[in-house]
>>> print(open('coords17.txt').read())   # compact mmCIF, N, CA and C atoms
# COMPACT_ATOMS: atom_id res chain seq x y z
N MET A 5 25.56 -1.43 18.51
CA MET A 5 24.46 -1.76 17.61
C MET A 5 23.58 -0.53 17.42
N ASN A 6 23.19 -0.25 16.19
CA ASN A 6 22.32 0.88 15.91
C ASN A 6 20.91 0.60 16.38
N LYS A 7 20.24 1.67 16.83
CA LYS A 7 18.85 1.55 17.26
C LYS A 7 17.97 1.38 16.02
N PRO A 8 17.00 0.46 16.04
CA PRO A 8 16.10 0.29 14.89
C PRO A 8 15.37 1.60 14.62
N ARG A 9 15.07 1.85 13.35
CA ARG A 9 14.39 3.08 13.01
C ARG A 9 13.05 2.79 12.35
N ALA A 10 12.10 3.65 12.65
CA ALA A 10 10.82 3.63 11.97
C ALA A 10 10.78 4.88 11.11
N ILE A 11 10.58 4.71 9.84
CA ILE A 11 10.57 5.84 8.91
C ILE A 11 9.15 6.02 8.41
N ARG A 12 8.64 7.21 8.58
CA ARG A 12 7.30 7.51 8.09
C ARG A 12 7.46 8.31 6.79
N SER A 13 6.84 7.82 5.74
CA SER A 13 7.02 8.50 4.47
C SER A 13 5.81 8.28 3.59
N ALA A 14 5.73 9.07 2.56
CA ALA A 14 4.69 8.90 1.56
C ALA A 14 5.26 8.26 0.31
N ARG A 15 6.54 7.93 0.34
CA ARG A 15 7.20 7.30 -0.81
C ARG A 15 7.66 5.90 -0.42
N ARG A 16 8.04 5.14 -1.45
CA ARG A 16 8.63 3.82 -1.20
C ARG A 16 9.87 3.99 -0.33
N PRO A 17 10.13 3.03 0.54
CA PRO A 17 11.34 3.14 1.36
C PRO A 17 12.59 3.02 0.51
N ALA A 18 13.64 3.64 0.98
CA ALA A 18 14.93 3.51 0.32
C ALA A 18 15.45 2.09 0.54
N GLU A 19 16.50 1.76 -0.12
CA GLU A 19 17.11 0.45 0.08
C GLU A 19 17.45 0.28 1.55
N VAL A 20 17.44 -0.93 2.01
CA VAL A 20 17.72 -1.22 3.41
C VAL A 20 19.15 -0.79 3.72
N SER A 21 19.29 0.09 4.72
CA SER A 21 20.63 0.55 5.08
C SER A 21 21.06 -0.01 6.42
N GLY A 22 20.25 -0.83 7.03
CA GLY A 22 20.59 -1.41 8.32
C GLY A 22 19.84 -2.71 8.48
N PRO A 23 19.81 -3.22 9.70
CA PRO A 23 19.19 -4.52 9.92
C PRO A 23 17.67 -4.48 9.86
N PHE A 24 17.04 -3.32 10.00
CA PHE A 24 15.58 -3.24 10.05
C PHE A 24 15.12 -1.87 9.60
N VAL A 25 14.13 -1.84 8.71
CA VAL A 25 13.51 -0.60 8.28
C VAL A 25 12.01 -0.86 8.20
N CYS A 26 11.24 0.09 8.70
CA CYS A 26 9.78 -0.01 8.65
C CYS A 26 9.26 1.35 8.23
N SER A 27 8.49 1.40 7.15
CA SER A 27 7.94 2.66 6.66
C SER A 27 6.50 2.43 6.24
N TRP A 28 5.76 3.51 6.09
CA TRP A 28 4.38 3.37 5.66
C TRP A 28 4.05 4.41 4.61
N SER A 29 3.04 4.11 3.83
CA SER A 29 2.48 5.04 2.87
C SER A 29 1.01 4.70 2.73
N SER A 30 0.25 5.59 2.11
CA SER A 30 -1.16 5.29 1.93
C SER A 30 -1.42 4.95 0.47
N VAL A 31 -2.34 4.02 0.29
CA VAL A 31 -2.81 3.62 -1.04
C VAL A 31 -4.32 3.61 -0.93
N GLY A 32 -4.95 4.64 -1.48
CA GLY A 32 -6.39 4.78 -1.30
C GLY A 32 -6.70 4.97 0.17
N GLU A 33 -7.61 4.17 0.68
CA GLU A 33 -8.00 4.27 2.09
C GLU A 33 -7.29 3.23 2.94
N CYS A 34 -6.17 2.74 2.47
CA CYS A 34 -5.38 1.75 3.21
C CYS A 34 -3.97 2.29 3.43
N ALA A 35 -3.37 1.80 4.49
CA ALA A 35 -1.95 2.06 4.73
C ALA A 35 -1.18 0.82 4.32
N VAL A 36 -0.03 1.03 3.73
CA VAL A 36 0.87 -0.07 3.42
C VAL A 36 2.10 0.13 4.29
N VAL A 37 2.35 -0.83 5.16
CA VAL A 37 3.53 -0.80 6.01
C VAL A 37 4.55 -1.74 5.40
N ARG A 38 5.65 -1.18 4.94
CA ARG A 38 6.71 -1.97 4.31
C ARG A 38 7.79 -2.25 5.34
N VAL A 39 8.12 -3.53 5.47
CA VAL A 39 9.11 -3.96 6.45
C VAL A 39 10.27 -4.60 5.70
N ALA A 40 11.49 -4.27 6.12
CA ALA A 40 12.68 -4.85 5.50
C ALA A 40 13.68 -5.18 6.58
N GLY A 41 14.41 -6.26 6.38
CA GLY A 41 15.44 -6.67 7.32
C GLY A 41 14.92 -7.72 8.29
N ARG A 42 15.54 -7.77 9.47
CA ARG A 42 15.20 -8.77 10.49
C ARG A 42 14.17 -8.22 11.46
N VAL A 43 13.14 -9.02 11.75
CA VAL A 43 12.19 -8.69 12.81
C VAL A 43 12.49 -9.68 13.93
N ASP A 44 13.25 -9.20 14.91
CA ASP A 44 13.73 -10.08 15.97
C ASP A 44 13.61 -9.37 17.31
N VAL A 45 14.23 -9.92 18.33
CA VAL A 45 14.13 -9.37 19.68
C VAL A 45 14.61 -7.92 19.74
N CYS A 46 15.52 -7.53 18.88
CA CYS A 46 16.04 -6.16 18.88
C CYS A 46 15.12 -5.18 18.16
N THR A 47 14.27 -5.66 17.27
CA THR A 47 13.47 -4.76 16.45
C THR A 47 11.97 -4.90 16.65
N VAL A 48 11.52 -5.93 17.36
CA VAL A 48 10.09 -6.21 17.46
C VAL A 48 9.33 -5.08 18.16
N THR A 49 9.93 -4.40 19.12
CA THR A 49 9.26 -3.29 19.80
C THR A 49 9.03 -2.13 18.84
N THR A 50 10.03 -1.82 18.04
CA THR A 50 9.88 -0.76 17.04
C THR A 50 8.81 -1.13 16.03
N PHE A 51 8.78 -2.38 15.60
CA PHE A 51 7.76 -2.89 14.68
C PHE A 51 6.37 -2.72 15.29
N ALA A 52 6.19 -3.13 16.53
CA ALA A 52 4.89 -3.00 17.21
C ALA A 52 4.49 -1.54 17.34
N ASP A 53 5.43 -0.69 17.72
CA ASP A 53 5.14 0.74 17.87
C ASP A 53 4.70 1.37 16.56
N GLU A 54 5.37 1.00 15.48
CA GLU A 54 5.02 1.56 14.17
C GLU A 54 3.63 1.12 13.73
N LEU A 55 3.31 -0.16 13.91
CA LEU A 55 1.97 -0.64 13.55
C LEU A 55 0.91 0.08 14.37
N ARG A 56 1.13 0.21 15.69
CA ARG A 56 0.20 0.92 16.57
C ARG A 56 0.02 2.36 16.11
N HIS A 57 1.12 3.01 15.77
CA HIS A 57 1.07 4.41 15.32
C HIS A 57 0.22 4.55 14.05
N VAL A 58 0.47 3.71 13.09
CA VAL A 58 -0.29 3.79 11.82
C VAL A 58 -1.77 3.53 12.07
N ILE A 59 -2.10 2.51 12.85
CA ILE A 59 -3.50 2.15 13.10
C ILE A 59 -4.23 3.25 13.85
N THR A 60 -3.62 3.83 14.87
CA THR A 60 -4.33 4.78 15.73
C THR A 60 -4.27 6.22 15.26
N THR A 61 -3.32 6.57 14.40
CA THR A 61 -3.22 7.97 13.98
C THR A 61 -3.35 8.18 12.48
N LYS A 62 -3.25 7.12 11.70
CA LYS A 62 -3.31 7.27 10.24
C LYS A 62 -4.51 6.54 9.67
N LEU A 63 -4.38 5.25 9.42
CA LEU A 63 -5.45 4.45 8.82
C LEU A 63 -5.55 3.10 9.52
N PRO A 64 -6.75 2.67 9.92
CA PRO A 64 -6.88 1.38 10.60
C PRO A 64 -6.96 0.19 9.65
N ARG A 65 -6.94 0.43 8.36
CA ARG A 65 -6.92 -0.65 7.36
C ARG A 65 -5.52 -0.68 6.78
N LEU A 66 -4.80 -1.78 7.05
CA LEU A 66 -3.43 -1.80 6.57
C LEU A 66 -2.98 -3.16 6.08
N VAL A 67 -2.05 -3.09 5.15
CA VAL A 67 -1.38 -4.26 4.62
C VAL A 67 0.08 -4.16 5.04
N VAL A 68 0.58 -5.21 5.66
CA VAL A 68 1.98 -5.26 6.06
C VAL A 68 2.72 -6.06 4.99
N ASP A 69 3.55 -5.37 4.24
CA ASP A 69 4.30 -5.96 3.13
C ASP A 69 5.59 -6.57 3.67
N LEU A 70 5.68 -7.90 3.60
CA LEU A 70 6.80 -8.63 4.19
C LEU A 70 7.81 -9.12 3.15
N ARG A 71 7.72 -8.65 1.91
CA ARG A 71 8.61 -9.16 0.85
C ARG A 71 10.08 -9.01 1.17
N ARG A 72 10.46 -7.96 1.88
CA ARG A 72 11.87 -7.69 2.11
C ARG A 72 12.34 -8.09 3.51
N VAL A 73 11.51 -8.86 4.21
CA VAL A 73 11.92 -9.36 5.52
C VAL A 73 12.91 -10.50 5.31
N THR A 74 14.05 -10.41 5.97
CA THR A 74 15.08 -11.45 5.82
C THR A 74 14.99 -12.52 6.90
N ALA A 75 14.38 -12.19 8.04
CA ALA A 75 14.18 -13.16 9.12
C ALA A 75 13.10 -12.62 10.05
N MET A 76 12.31 -13.52 10.61
CA MET A 76 11.27 -13.10 11.53
C MET A 76 11.18 -14.12 12.66
N GLU A 77 11.19 -13.61 13.88
CA GLU A 77 11.03 -14.47 15.05
C GLU A 77 9.55 -14.61 15.39
N ALA A 78 9.22 -15.62 16.16
CA ALA A 78 7.84 -15.91 16.51
C ALA A 78 7.16 -14.74 17.23
N SER A 79 7.92 -13.96 17.97
CA SER A 79 7.33 -12.82 18.69
C SER A 79 6.67 -11.83 17.75
N ALA A 80 7.12 -11.76 16.52
CA ALA A 80 6.52 -10.87 15.53
C ALA A 80 5.12 -11.31 15.15
N LEU A 81 4.84 -12.62 15.24
CA LEU A 81 3.47 -13.09 14.97
C LEU A 81 2.49 -12.53 15.99
N GLU A 82 2.91 -12.46 17.25
CA GLU A 82 2.06 -11.87 18.29
C GLU A 82 1.85 -10.39 18.01
N VAL A 83 2.89 -9.71 17.56
CA VAL A 83 2.77 -8.29 17.21
C VAL A 83 1.74 -8.11 16.10
N LEU A 84 1.82 -8.94 15.07
CA LEU A 84 0.86 -8.86 13.96
C LEU A 84 -0.56 -9.16 14.43
N ALA A 85 -0.72 -10.18 15.26
CA ALA A 85 -2.06 -10.54 15.76
C ALA A 85 -2.62 -9.43 16.66
N ASP A 86 -1.79 -8.87 17.53
CA ASP A 86 -2.24 -7.76 18.38
C ASP A 86 -2.61 -6.54 17.53
N ALA A 87 -1.81 -6.26 16.50
CA ALA A 87 -2.10 -5.13 15.62
C ALA A 87 -3.41 -5.36 14.86
N HIS A 88 -3.66 -6.59 14.45
CA HIS A 88 -4.93 -6.90 13.78
C HIS A 88 -6.10 -6.62 14.72
N GLU A 89 -6.00 -7.06 15.96
CA GLU A 89 -7.08 -6.82 16.92
C GLU A 89 -7.27 -5.32 17.17
N LEU A 90 -6.19 -4.56 17.26
CA LEU A 90 -6.28 -3.11 17.42
C LEU A 90 -6.94 -2.47 16.20
N ALA A 91 -6.56 -2.93 15.02
CA ALA A 91 -7.16 -2.39 13.79
C ALA A 91 -8.66 -2.65 13.77
N VAL A 92 -9.08 -3.85 14.15
CA VAL A 92 -10.50 -4.18 14.17
C VAL A 92 -11.23 -3.27 15.16
N ARG A 93 -10.64 -3.04 16.33
CA ARG A 93 -11.26 -2.14 17.32
C ARG A 93 -11.41 -0.72 16.78
N HIS A 94 -10.55 -0.34 15.83
CA HIS A 94 -10.62 0.99 15.22
C HIS A 94 -11.39 0.98 13.89
N GLY A 95 -12.12 -0.11 13.63
CA GLY A 95 -12.94 -0.18 12.42
C GLY A 95 -12.20 -0.63 11.18
N GLY A 96 -11.07 -1.27 11.33
CA GLY A 96 -10.27 -1.66 10.18
C GLY A 96 -9.92 -3.13 10.19
N TRP A 97 -8.75 -3.44 9.61
CA TRP A 97 -8.24 -4.80 9.49
C TRP A 97 -6.76 -4.74 9.20
N LEU A 98 -6.11 -5.89 9.31
CA LEU A 98 -4.70 -6.01 8.97
C LEU A 98 -4.54 -7.25 8.10
N ARG A 99 -3.79 -7.10 7.03
CA ARG A 99 -3.45 -8.20 6.13
C ARG A 99 -1.94 -8.19 5.96
N THR A 100 -1.38 -9.35 5.69
CA THR A 100 0.03 -9.41 5.34
C THR A 100 0.14 -9.82 3.88
N SER A 101 1.26 -9.48 3.29
CA SER A 101 1.48 -9.87 1.89
C SER A 101 2.95 -10.15 1.66
N GLY A 102 3.19 -10.99 0.66
CA GLY A 102 4.53 -11.19 0.13
C GLY A 102 5.49 -12.05 0.93
N ALA A 103 5.04 -12.71 1.97
CA ALA A 103 5.99 -13.46 2.80
C ALA A 103 6.37 -14.80 2.20
N GLY A 104 5.52 -15.36 1.39
CA GLY A 104 5.83 -16.67 0.85
C GLY A 104 5.61 -17.76 1.88
N GLN A 105 6.19 -18.91 1.61
CA GLN A 105 5.98 -20.09 2.44
C GLN A 105 6.53 -19.96 3.85
N TRP A 106 7.56 -19.15 4.03
CA TRP A 106 8.19 -19.06 5.36
C TRP A 106 7.23 -18.59 6.43
N LEU A 107 6.25 -17.73 6.10
CA LEU A 107 5.31 -17.26 7.10
C LEU A 107 4.42 -18.40 7.57
N GLY A 108 3.90 -19.18 6.64
CA GLY A 108 3.08 -20.34 7.01
C GLY A 108 3.87 -21.33 7.85
N ASP A 109 5.12 -21.54 7.48
CA ASP A 109 5.98 -22.45 8.25
C ASP A 109 6.18 -21.93 9.68
N LEU A 110 6.39 -20.63 9.82
CA LEU A 110 6.58 -20.04 11.14
C LEU A 110 5.31 -20.17 11.98
N ILE A 111 4.17 -19.92 11.37
CA ILE A 111 2.90 -20.04 12.09
C ILE A 111 2.69 -21.48 12.56
N ARG A 112 2.94 -22.43 11.68
CA ARG A 112 2.77 -23.85 12.07
C ARG A 112 3.76 -24.24 13.16
N ALA A 113 4.97 -23.74 13.09
CA ALA A 113 5.99 -24.09 14.08
C ALA A 113 5.65 -23.54 15.47
N THR A 114 4.95 -22.42 15.51
CA THR A 114 4.60 -21.82 16.80
C THR A 114 3.24 -22.28 17.29
N THR A 115 2.51 -22.98 16.47
CA THR A 115 1.15 -23.46 16.77
C THR A 115 0.26 -22.36 17.32
N THR A 116 0.37 -21.19 16.73
CA THR A 116 -0.48 -20.08 17.14
C THR A 116 -1.91 -20.34 16.69
N SER A 117 -2.84 -19.90 17.50
CA SER A 117 -4.25 -20.06 17.15
C SER A 117 -4.84 -18.76 16.62
N ARG A 118 -4.00 -17.77 16.41
CA ARG A 118 -4.46 -16.46 15.93
C ARG A 118 -4.13 -16.35 14.44
N PRO A 119 -5.13 -16.57 13.58
CA PRO A 119 -4.86 -16.59 12.14
C PRO A 119 -4.53 -15.20 11.59
N LEU A 120 -3.79 -15.20 10.49
CA LEU A 120 -3.48 -13.98 9.76
C LEU A 120 -4.04 -14.10 8.36
N ASP A 121 -4.57 -13.01 7.84
CA ASP A 121 -4.96 -12.97 6.43
C ASP A 121 -3.72 -12.65 5.62
N HIS A 122 -3.24 -13.62 4.86
CA HIS A 122 -2.03 -13.41 4.07
C HIS A 122 -2.33 -13.57 2.59
N TYR A 123 -1.80 -12.65 1.79
CA TYR A 123 -1.98 -12.66 0.35
C TYR A 123 -0.61 -12.79 -0.30
N PRO A 124 -0.52 -13.48 -1.43
CA PRO A 124 0.78 -13.67 -2.09
C PRO A 124 1.45 -12.36 -2.50
N THR A 125 0.64 -11.38 -2.95
CA THR A 125 1.22 -10.12 -3.42
C THR A 125 0.53 -8.94 -2.77
N LEU A 126 1.21 -7.83 -2.78
CA LEU A 126 0.66 -6.59 -2.26
C LEU A 126 -0.60 -6.19 -3.03
N ALA A 127 -0.56 -6.30 -4.34
CA ALA A 127 -1.72 -5.92 -5.16
C ALA A 127 -2.96 -6.74 -4.78
N GLU A 128 -2.77 -8.02 -4.51
CA GLU A 128 -3.91 -8.86 -4.13
C GLU A 128 -4.45 -8.52 -2.75
N ALA A 129 -3.61 -8.00 -1.88
CA ALA A 129 -4.03 -7.66 -0.52
C ALA A 129 -4.78 -6.34 -0.45
N LEU A 130 -4.55 -5.46 -1.41
CA LEU A 130 -5.21 -4.16 -1.41
C LEU A 130 -6.61 -4.27 -1.99
N PRO A 131 -7.64 -3.84 -1.26
CA PRO A 131 -9.01 -4.00 -1.75
C PRO A 131 -9.27 -3.32 -3.09
N SER A 132 -8.64 -2.18 -3.34
CA SER A 132 -8.91 -1.46 -4.58
C SER A 132 -8.33 -2.17 -5.80
N TYR A 133 -7.37 -3.06 -5.59
CA TYR A 133 -6.76 -3.78 -6.70
C TYR A 133 -7.18 -5.23 -6.79
N ARG A 134 -7.72 -5.76 -5.71
CA ARG A 134 -8.02 -7.18 -5.63
C ARG A 134 -9.32 -7.49 -6.35
N PRO A 135 -9.34 -8.49 -7.22
CA PRO A 135 -10.59 -8.88 -7.84
C PRO A 135 -11.57 -9.43 -6.80
N ALA A 136 -12.84 -9.42 -7.12
CA ALA A 136 -13.86 -9.84 -6.18
C ALA A 136 -13.93 -11.34 -5.99
N ALA A 137 -13.00 -12.08 -6.55
CA ALA A 137 -12.99 -13.53 -6.48
C ALA A 137 -12.56 -14.05 -5.11
N PRO A 138 -11.78 -15.11 -5.05
CA PRO A 138 -11.46 -15.79 -3.80
C PRO A 138 -10.78 -14.89 -2.76
N GLY A 139 -10.95 -15.27 -1.50
CA GLY A 139 -10.39 -14.54 -0.38
C GLY A 139 -8.96 -14.91 -0.11
N PRO A 140 -8.51 -14.61 1.12
CA PRO A 140 -7.11 -14.81 1.46
C PRO A 140 -6.77 -16.28 1.63
N ALA A 141 -5.49 -16.53 1.55
CA ALA A 141 -4.99 -17.87 1.88
C ALA A 141 -4.92 -17.94 3.39
N SER A 142 -5.54 -18.90 3.98
CA SER A 142 -5.51 -19.02 5.43
C SER A 142 -4.20 -19.65 5.86
N LEU A 143 -3.55 -18.97 6.79
CA LEU A 143 -2.28 -19.48 7.33
C LEU A 143 -2.48 -19.78 8.78
>>> encode(input="coords17.txt", output="structure tokens")
Amino acid sequence: MNKPRAIRSARRPAEVSGPFVCSWSSVGECAVVRVAGRVDVCTVTTFADELRHVITTKLPRLVVDLRRVTAMEASALEVLADAHELAVRHGGWLRTSGAGQWLGDLIRATTTSRPLDHYPTLAEALPSYRPAAPGPASL
């Protein structure tokens, strides 16, 4: 089995060439972390490391784009919640976008008490593009 890779780039990630790809870019004063493939027991450590890296060395305000995630285990919810807390400690925040109904279903199935700010689209999650109207959908 290939080792999961974290790709750091200033461009959109290439098409998924393996089971998991995680890359980041900046949009204004936010980082966008794009995730593709499966986030499971084999890849969750790489996912956590990449989020920690972006928050502590790049930008503490980030949107995790989940549109291209094909499967996610419950352990990834803890990674996202821990990353949100780390971002807040560094003066930022973490939002997720693009997951659709499956993220809410996963949260309800795990009965986690750590909420995530989730937006339907990446554009809505980015402060520079989001209208000043309603806030996030609570999941």
>>> atom_distance(input="coords17.txt", atom1="atom N of A:Thr114", atom2="atom C of A:Pro23")
22.7 Å
>>> select_by_dssp(input="coords17.txt", residues="stretch 8-140 of chain A", states="strand (DSSP E or B)", output="JSON, numbers by chain")
{"A": [9, 10, 11, 12, 24, 25, 26, 27, 28, 29, 30, 31, 34, 35, 36, 37, 38, 39, 40, 41, 42, 43, 65, 66, 67, 68, 69, 70, 71, 72, 73, 74, 75, 76, 97, 98, 99, 100, 101, 121, 122, 123]}
>>> closest_residue(input="coords17.txt", among="A:Trp106, A:Tyr123, A:Trp97, A:Phe24", to="A:Leu84", atoms="only C-alpha atoms")
A:Trp97
>>> select_by_dssp(input="coords17.txt", residues="stretch 5-100 of chain A", states="alpha helix (DSSP H)", output="list in words")
Val48, Thr49, Thr50, Phe51, Ala52, Asp53, Glu54, Leu55, Arg56, His57, Val58, Ile59, Thr60, Thr61, Ser79, Ala80, Leu81, Glu82, Val83, Leu84, Ala85, Asp86, Ala87, His88, Glu89, Leu90, Ala91, Val92 and Arg93 of chain A
>>> residues_around(input="coords17.txt", residues="A:Gly96", least_positions_apart="2", cutoff="6 Å", atoms="only C-alpha atoms", output="ChimeraX atom specification")
/A:64-65,91-92,94
>>> atom_distance(input="coords17.txt", atom1="atom CA of A:Ala85", atom2="atom CA of A:Val67")
12.8 Å
>>> atom_distance(input="coords17.txt", atom1="atom C of A:Thr74", atom2="atom C of A:Gly41")
5.0 Å
>>> closest_residue(input="coords17.txt", among="A:Gly108, A:Arg42, A:Ala127, A:Ser27", to="A:Ala75", atoms="all atoms listed in the file")
A:Arg42
>>> closest_residue(input="coords17.txt", among="A:Pro119, A:Ala129, A:Ser30, A:Val45", to="A:Ser79", atoms="all atoms listed in the file")
A:Val45
>>> closest_residue(input="coords17.txt", among="A:Ile111, A:Leu120, A:Leu98, A:Ala80", to="A:Val43", atoms="only N, CA and C atoms")
A:Ala80
>>> closest_residue(input="coords17.txt", among="A:Leu81, A:Leu107, A:Val39, A:Ala52", to="A:Val68", atoms="only C-alpha atoms")
A:Val39
>>> closest_residue(input="coords17.txt", among="A:Thr60, A:Pro124, A:Met76, A:Arg38", to="A:Gly104", atoms="all atoms listed in the file")
A:Pro124
